[in-house]
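Engineer: Below is the structure I would like to discuss, written out as structure tokens.
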Amino acid sequence: MTTSRAETLSGRAVADGVAERLKARVAELPYVPRLVFVRVGEDPASVFYVRSKQRFAKRIGVDAETLVLPDDVDQAELMATIAALNADPDTDAVLVQLPLPGHLDSAPVLEAIDPAKDVDGFHPLNVGRLWSGGAALAPCTPVGLLAILDHHGLEVHGRHVVIVGRSHMVGKPAAALFLARHATVTLAHSRTRDLAGVVRTGDIVVAAVGRAGLITADMVKPGAVVLDVGMTRVGDRIVGDVAEDVWDVAGHMTPMPGGTGLVTVAMVLQNTLTAAERRRG
Ligand code: GUN
């Protein structure tokens, strides 16, 4: 039997294209957009992600700063930091890197961010607008999934998208975004009965649970498009939710690393420009 490998959906190619477009947009503005990251503590993954976003900001000419708060900071001080950023007319975008240390409650923090500066799209007003078709700032990872499909000319309209994972950051907003693009959406998760049978009905599969190798070749329809969002540390490697053998079944697939994560970073900056342009008129 001959097996054919899936075509690679490079996140790098998408991110590079976005960088060029955003750089040109920034150059047209009469001001320098400003993005502020708030990072609490020294969680290595958070340090890595914020650094990646800050580097991308610099590449396109956006002013980005990271405020690092000690990991024992109290809720009131974190809230005061957000209030100051909301009030600062020169700050266009505020991103609080998650997860926060266990003693902090993230919901009130995310609700405290000015929705007009909320480039993660996690504020309830942006969540509501996303579902009701308004002018939301939408979460970066799922917006990036559509950017990957569009960049590679893969159709969404009328296709069946099976999303595995129901998080606020990825699964749920992805469902809203794919619906808005006229896909048929199934939102499955780790407790879905006959997950394999459900995933096998997907023309497009989004794997966003955070469980290494959850999606295996027998679960994927031959020729399907597979987008891997999961990231789990296994030893000294970061692996996705999609097992290696899926490369032999899928038609197109994102690599890990070099896939969806790079595009998420680019979308943070795309949202930053949108926020700045809307806010400053
Ligand atoms: N931690 C992991 N992913 C994300 C994200 O998209 N936004 C924020 N703020 N924190 C994260």
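Labels for the structure tokens follow display order: chains A, B, ..., residues from 1 in each chain, ligands from 1.
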Please identify all protein, DNA and RNA residues within 6 Å of ligand 1, counting only C-alpha atoms and all ligand atoms, and report them as a PyMOL selection string.
Structural biologist: chain A and resi 95-99+120
Engineer: If you keep all heavy atoms, can you produce a file of those selected residues as an mmCIF file, in the first residue's frame?
Structural biologist:
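The new file part19.cif reads:
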```cif
data_model
loop_
_atom_site.group_PDB
_atom_site.id
_atom_site.type_symbol
_atom_site.label_atom_id
_atom_site.label_comp_id
_atom_site.auth_asym_id
_atom_site.auth_seq_id
_atom_site.Cartn_x
_atom_site.Cartn_y
_atom_site.Cartn_z
ATOM 1 N N LEU A 95 -2.869 43.092 27.166
ATOM 2 C CA LEU A 95 -2.985 41.629 27.136
ATOM 3 C C LEU A 95 -2.413 41.063 28.436
ATOM 4 O O LEU A 95 -1.229 41.261 28.725
ATOM 5 C CB LEU A 95 -2.234 41.070 25.924
ATOM 6 C CG LEU A 95 -2.407 39.577 25.638
ATOM 7 C CD1 LEU A 95 -2.222 39.279 24.158
ATOM 8 C CD2 LEU A 95 -1.463 38.708 26.464
ATOM 9 N N VAL A 96 -3.249 40.417 29.218
ATOM 10 C CA VAL A 96 -2.800 39.756 30.446
ATOM 11 C C VAL A 96 -2.527 38.297 30.108
ATOM 12 O O VAL A 96 -3.445 37.549 29.729
ATOM 13 C CB VAL A 96 -3.860 39.860 31.564
ATOM 14 C CG1 VAL A 96 -3.397 39.106 32.812
ATOM 15 C CG2 VAL A 96 -4.147 41.328 31.896
ATOM 16 N N GLN A 97 -1.275 37.896 30.189
ATOM 17 C CA GLN A 97 -0.915 36.524 29.811
ATOM 18 C C GLN A 97 -1.465 35.539 30.839
ATOM 19 O O GLN A 97 -1.327 35.727 32.049
ATOM 20 C CB GLN A 97 0.613 36.397 29.694
ATOM 21 C CG GLN A 97 1.085 35.067 29.150
ATOM 22 C CD GLN A 97 0.658 34.801 27.703
ATOM 23 O OE1 GLN A 97 0.422 35.723 26.936
ATOM 24 N NE2 GLN A 97 0.537 33.536 27.344
ATOM 25 N N LEU A 98 -2.080 34.482 30.354
ATOM 26 C CA LEU A 98 -2.657 33.435 31.192
ATOM 27 C C LEU A 98 -1.797 32.172 31.066
ATOM 28 O O LEU A 98 -1.122 32.006 30.059
ATOM 29 C CB LEU A 98 -4.093 33.147 30.733
ATOM 30 C CG LEU A 98 -5.048 34.350 30.779
ATOM 31 C CD1 LEU A 98 -6.388 33.976 30.162
ATOM 32 C CD2 LEU A 98 -5.230 34.864 32.204
ATOM 33 N N PRO A 99 -1.821 31.281 32.011
ATOM 34 C CA PRO A 99 -2.623 31.311 33.235
ATOM 35 C C PRO A 99 -2.003 32.207 34.301
ATOM 36 O O PRO A 99 -0.787 32.406 34.321
ATOM 37 C CB PRO A 99 -2.591 29.837 33.685
ATOM 38 C CG PRO A 99 -1.282 29.322 33.182
ATOM 39 C CD PRO A 99 -1.020 30.056 31.888
ATOM 40 N N ASP A 120 -7.071 40.152 23.265
ATOM 41 C CA ASP A 120 -7.322 38.716 23.378
ATOM 42 C C ASP A 120 -8.775 38.377 23.031
ATOM 43 O O ASP A 120 -9.098 37.216 22.782
ATOM 44 C CB ASP A 120 -7.073 38.250 24.824
ATOM 45 C CG ASP A 120 -5.706 37.619 25.015
ATOM 46 O OD1 ASP A 120 -5.201 36.982 24.070
ATOM 47 O OD2 ASP A 120 -5.156 37.758 26.124
#
```
Engineer: As a count of residues only, please: every residue in stretch 57-233 of chain A that a backbone DSSP assignment puts in strand (DSSP E).
Structural biologist: 31
Engineer: Just checking: using only C-alpha atoms, which residue out of A:Leu146, A:Val62, A:Val246, A:Ala174 ends up closest to A:Val14?
Structural biologist: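 Looking only at the distances to A:Val14, the closest residue turns out to be A:Leu146.
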Engineer: Would you please give, as an NGL selection string, all residues of stretch 115-215 of chain A that DSSP assigns to helix (DSSP H, G or I) based on the backbone?
Structural biologist: :A and (115-117 or 124-132 or 140-151 or 171-180 or 195-199)
Engineer: Go ahead and write the residues just picked, N, CA and C atoms, as an mmCIF file, in the first residue's frame.
Structural biologist:
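This went into selection.cif:
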```
data_model
loop_
_atom_site.group_PDB
_atom_site.id
_atom_site.type_symbol
_atom_site.label_atom_id
_atom_site.label_comp_id
_atom_site.auth_asym_id
_atom_site.auth_seq_id
_atom_site.Cartn_x
_atom_site.Cartn_y
_atom_site.Cartn_z
ATOM 1 N N PRO A 115 -12.821 46.884 26.975
ATOM 2 C CA PRO A 115 -13.111 46.041 25.804
ATOM 3 C C PRO A 115 -12.495 46.582 24.513
ATOM 4 N N ALA A 116 -12.308 47.893 24.435
ATOM 5 C CA ALA A 116 -11.714 48.484 23.225
ATOM 6 C C ALA A 116 -10.213 48.192 23.128
ATOM 7 N N LYS A 117 -9.600 47.785 24.253
ATOM 8 C CA LYS A 117 -8.159 47.476 24.274
ATOM 9 C C LYS A 117 -7.892 45.977 24.432
ATOM 10 N N PRO A 124 -16.242 39.761 28.321
ATOM 11 C CA PRO A 124 -17.604 39.306 27.989
ATOM 12 C C PRO A 124 -18.280 40.146 26.909
ATOM 13 N N LEU A 125 -17.977 41.424 26.824
ATOM 14 C CA LEU A 125 -18.586 42.249 25.767
ATOM 15 C C LEU A 125 -18.106 41.786 24.385
ATOM 16 N N ASN A 126 -16.825 41.488 24.276
ATOM 17 C CA ASN A 126 -16.303 40.984 22.994
ATOM 18 C C ASN A 126 -16.818 39.576 22.693
ATOM 19 N N VAL A 127 -16.945 38.756 23.744
ATOM 20 C CA VAL A 127 -17.508 37.409 23.553
ATOM 21 C C VAL A 127 -18.938 37.526 23.025
ATOM 22 N N GLY A 128 -19.729 38.412 23.641
ATOM 23 C CA GLY A 128 -21.118 38.612 23.209
ATOM 24 C C GLY A 128 -21.193 39.135 21.782
ATOM 25 N N ARG A 129 -20.337 40.085 21.478
ATOM 26 C CA ARG A 129 -20.329 40.634 20.113
ATOM 27 C C ARG A 129 -19.940 39.579 19.090
ATOM 28 N N LEU A 130 -19.012 38.720 19.473
ATOM 29 C CA LEU A 130 -18.585 37.650 18.559
ATOM 30 C C LEU A 130 -19.774 36.766 18.191
ATOM 31 N N TRP A 131 -20.581 36.411 19.196
ATOM 32 C CA TRP A 131 -21.709 35.505 18.954
ATOM 33 C C TRP A 131 -22.891 36.214 18.309
ATOM 34 N N SER A 132 -22.978 37.543 18.468
ATOM 35 C CA SER A 132 -24.137 38.259 17.917
ATOM 36 C C SER A 132 -23.786 38.998 16.634
ATOM 37 N N CYS A 140 -7.398 35.333 19.338
ATOM 38 C CA CYS A 140 -6.350 35.279 18.313
ATOM 39 C C CYS A 140 -6.124 33.891 17.728
ATOM 40 N N THR A 141 -6.190 32.859 18.554
ATOM 41 C CA THR A 141 -5.917 31.522 18.011
ATOM 42 C C THR A 141 -6.972 31.114 16.988
ATOM 43 N N PRO A 142 -8.270 31.210 17.312
ATOM 44 C CA PRO A 142 -9.252 30.833 16.289
ATOM 45 C C PRO A 142 -9.271 31.760 15.075
ATOM 46 N N VAL A 143 -9.047 33.056 15.260
ATOM 47 C CA VAL A 143 -8.935 33.938 14.080
ATOM 48 C C VAL A 143 -7.781 33.463 13.199
ATOM 49 N N GLY A 144 -6.706 33.026 13.847
ATOM 50 C CA GLY A 144 -5.544 32.522 13.120
ATOM 51 C C GLY A 144 -5.840 31.252 12.331
ATOM 52 N N LEU A 145 -6.726 30.395 12.857
ATOM 53 C CA LEU A 145 -7.081 29.170 12.122
ATOM 54 C C LEU A 145 -7.712 29.525 10.783
ATOM 55 N N LEU A 146 -8.600 30.520 10.794
ATOM 56 C CA LEU A 146 -9.225 30.951 9.538
ATOM 57 C C LEU A 146 -8.194 31.596 8.614
ATOM 58 N N ALA A 147 -7.246 32.325 9.197
ATOM 59 C CA ALA A 147 -6.195 32.941 8.378
ATOM 60 C C ALA A 147 -5.357 31.863 7.676
ATOM 61 N N ILE A 148 -5.096 30.768 8.367
ATOM 62 C CA ILE A 148 -4.326 29.661 7.771
ATOM 63 C C ILE A 148 -5.109 29.054 6.600
ATOM 64 N N LEU A 149 -6.392 28.784 6.833
ATOM 65 C CA LEU A 149 -7.212 28.173 5.770
ATOM 66 C C LEU A 149 -7.322 29.118 4.577
ATOM 67 N N ASP A 150 -7.545 30.403 4.853
ATOM 68 C CA ASP A 150 -7.682 31.386 3.761
ATOM 69 C C ASP A 150 -6.379 31.508 2.976
ATOM 70 N N HIS A 151 -5.271 31.581 3.705
ATOM 71 C CA HIS A 151 -3.962 31.729 3.050
ATOM 72 C C HIS A 151 -3.702 30.588 2.069
ATOM 73 N N GLY A 171 -11.841 26.696 21.597
ATOM 74 C CA GLY A 171 -12.947 25.900 21.052
ATOM 75 C C GLY A 171 -14.222 26.701 20.851
ATOM 76 N N LYS A 172 -14.668 27.390 21.893
ATOM 77 C CA LYS A 172 -15.947 28.116 21.781
ATOM 78 C C LYS A 172 -15.865 29.265 20.782
ATOM 79 N N PRO A 173 -14.838 30.147 20.874
ATOM 80 C CA PRO A 173 -14.787 31.200 19.845
ATOM 81 C C PRO A 173 -14.561 30.662 18.442
ATOM 82 N N ALA A 174 -13.850 29.548 18.312
ATOM 83 C CA ALA A 174 -13.673 28.951 16.967
ATOM 84 C C ALA A 174 -15.033 28.559 16.403
ATOM 85 N N ALA A 175 -15.903 28.005 17.243
ATOM 86 C CA ALA A 175 -17.244 27.622 16.775
ATOM 87 C C ALA A 175 -17.981 28.842 16.226
ATOM 88 N N ALA A 176 -17.920 29.959 16.958
ATOM 89 C CA ALA A 176 -18.608 31.180 16.507
ATOM 90 C C ALA A 176 -18.038 31.673 15.176
ATOM 91 N N LEU A 177 -16.717 31.666 15.061
ATOM 92 C CA LEU A 177 -16.073 32.193 13.846
ATOM 93 C C LEU A 177 -16.342 31.310 12.632
ATOM 94 N N PHE A 178 -16.289 29.992 12.819
ATOM 95 C CA PHE A 178 -16.567 29.097 11.679
ATOM 96 C C PHE A 178 -18.038 29.184 11.273
ATOM 97 N N LEU A 179 -18.944 29.332 12.245
ATOM 98 C CA LEU A 179 -20.365 29.510 11.905
ATOM 99 C C LEU A 179 -20.571 30.767 11.086
ATOM 100 N N ALA A 180 -19.887 31.843 11.504
ATOM 101 C CA ALA A 180 -20.027 33.113 10.779
ATOM 102 C C ALA A 180 -19.523 33.000 9.350
ATOM 103 N N LEU A 195 -15.969 9.736 20.305
ATOM 104 C CA LEU A 195 -15.216 10.865 19.755
ATOM 105 C C LEU A 195 -14.628 10.515 18.385
ATOM 106 N N ALA A 196 -14.131 9.296 18.247
ATOM 107 C CA ALA A 196 -13.523 8.890 16.966
ATOM 108 C C ALA A 196 -14.540 8.986 15.838
ATOM 109 N N GLY A 197 -15.744 8.492 16.089
ATOM 110 C CA GLY A 197 -16.788 8.514 15.065
ATOM 111 C C GLY A 197 -17.188 9.937 14.708
ATOM 112 N N VAL A 198 -17.226 10.803 15.696
ATOM 113 C CA VAL A 198 -17.597 12.209 15.458
ATOM 114 C C VAL A 198 -16.500 12.914 14.658
ATOM 115 N N VAL A 199 -15.256 12.731 15.079
ATOM 116 C CA VAL A 199 -14.147 13.415 14.397
ATOM 117 C C VAL A 199 -14.069 12.960 12.941
#
```
Engineer: May I have the residues within 10 Å of A:Val68 as an NGL selection string, using only C-alpha atoms and disregarding those fewer than 5 positions away in the same chain?
Structural biologist: :A and (37-42 or 47)
Engineer: Applying 7 Å and only C-alpha atoms, which residues near A:Leu35 remain after dropping the ones on its own chain fewer than 5 positions away? List them as a list of chain:residue names.
Structural biologist: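 What passes the distance filter is A:Asp63, A:Ala64, A:Glu65, A:Thr91, A:Asp92, A:Ala93, A:Val94, A:Thr272.
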Engineer: For A:Asp248, list every protein, DNA or RNA residue within 12 Å, evaluated using only C-alpha atoms, and leave out those in the same chain fewer than 4 positions away; present the list as a ChimeraX atom specification.
Structural biologist: /A:1-8,216-218,220-224,226,242-244,252-253
Engineer: Write the selection just made, keeping C-alpha atoms, as a compact mmCIF listing (two decimals), in the first residue's frame?
Structural biologist:
```txt
# COMPACT_ATOMS: atom_id res chain seq x y z
CA MET A 1 0.00 0.00 0.00
CA THR A 2 1.25 3.47 -0.79
CA THR A 3 0.66 6.24 1.67
CA SER A 4 0.66 9.92 0.83
CA ARG A 5 1.73 12.54 3.27
CA ALA A 6 -0.57 15.45 4.06
CA GLU A 7 0.41 18.83 2.66
CA THR A 8 1.97 21.04 5.33
CA THR A 216 -5.06 9.41 15.84
CA ALA A 217 -5.12 8.32 12.20
CA ASP A 218 -8.12 6.01 12.60
CA VAL A 220 -9.58 11.17 10.67
CA LYS A 221 -11.42 11.08 7.34
CA PRO A 222 -8.93 10.57 4.49
CA GLY A 223 -8.12 13.94 2.93
CA ALA A 224 -9.43 16.01 5.85
CA VAL A 226 -6.33 18.97 10.38
CA VAL A 242 -2.57 15.23 16.78
CA ALA A 243 -0.57 11.99 16.54
CA GLU A 244 2.20 11.63 13.94
CA HIS A 252 -3.56 19.12 4.79
CA MET A 253 -2.16 19.54 8.28
```
Engineer: What is the distance, in Å and to one decimal place, between atom CA of A:His152 and atom CA of A:Arg25?
Structural biologist: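 According to the coordinates, atom CA of A:His152 and atom CA of A:Arg25 are separated by 22.5 Å.
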Engineer: Report, in Å to a single decimal, how far apart atom CA of A:Pro139 and atom CA of A:Leu85 are.
Structural biologist: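 Atom CA of A:Leu85 sits 20.0 Å away from atom CA of A:Pro139.
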Engineer: To one decimal in Å, tell me the separation between atom CA of A:Pro70 and atom CA of A:Val239.
Structural biologist: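 A separation of 29.3 Å between them.
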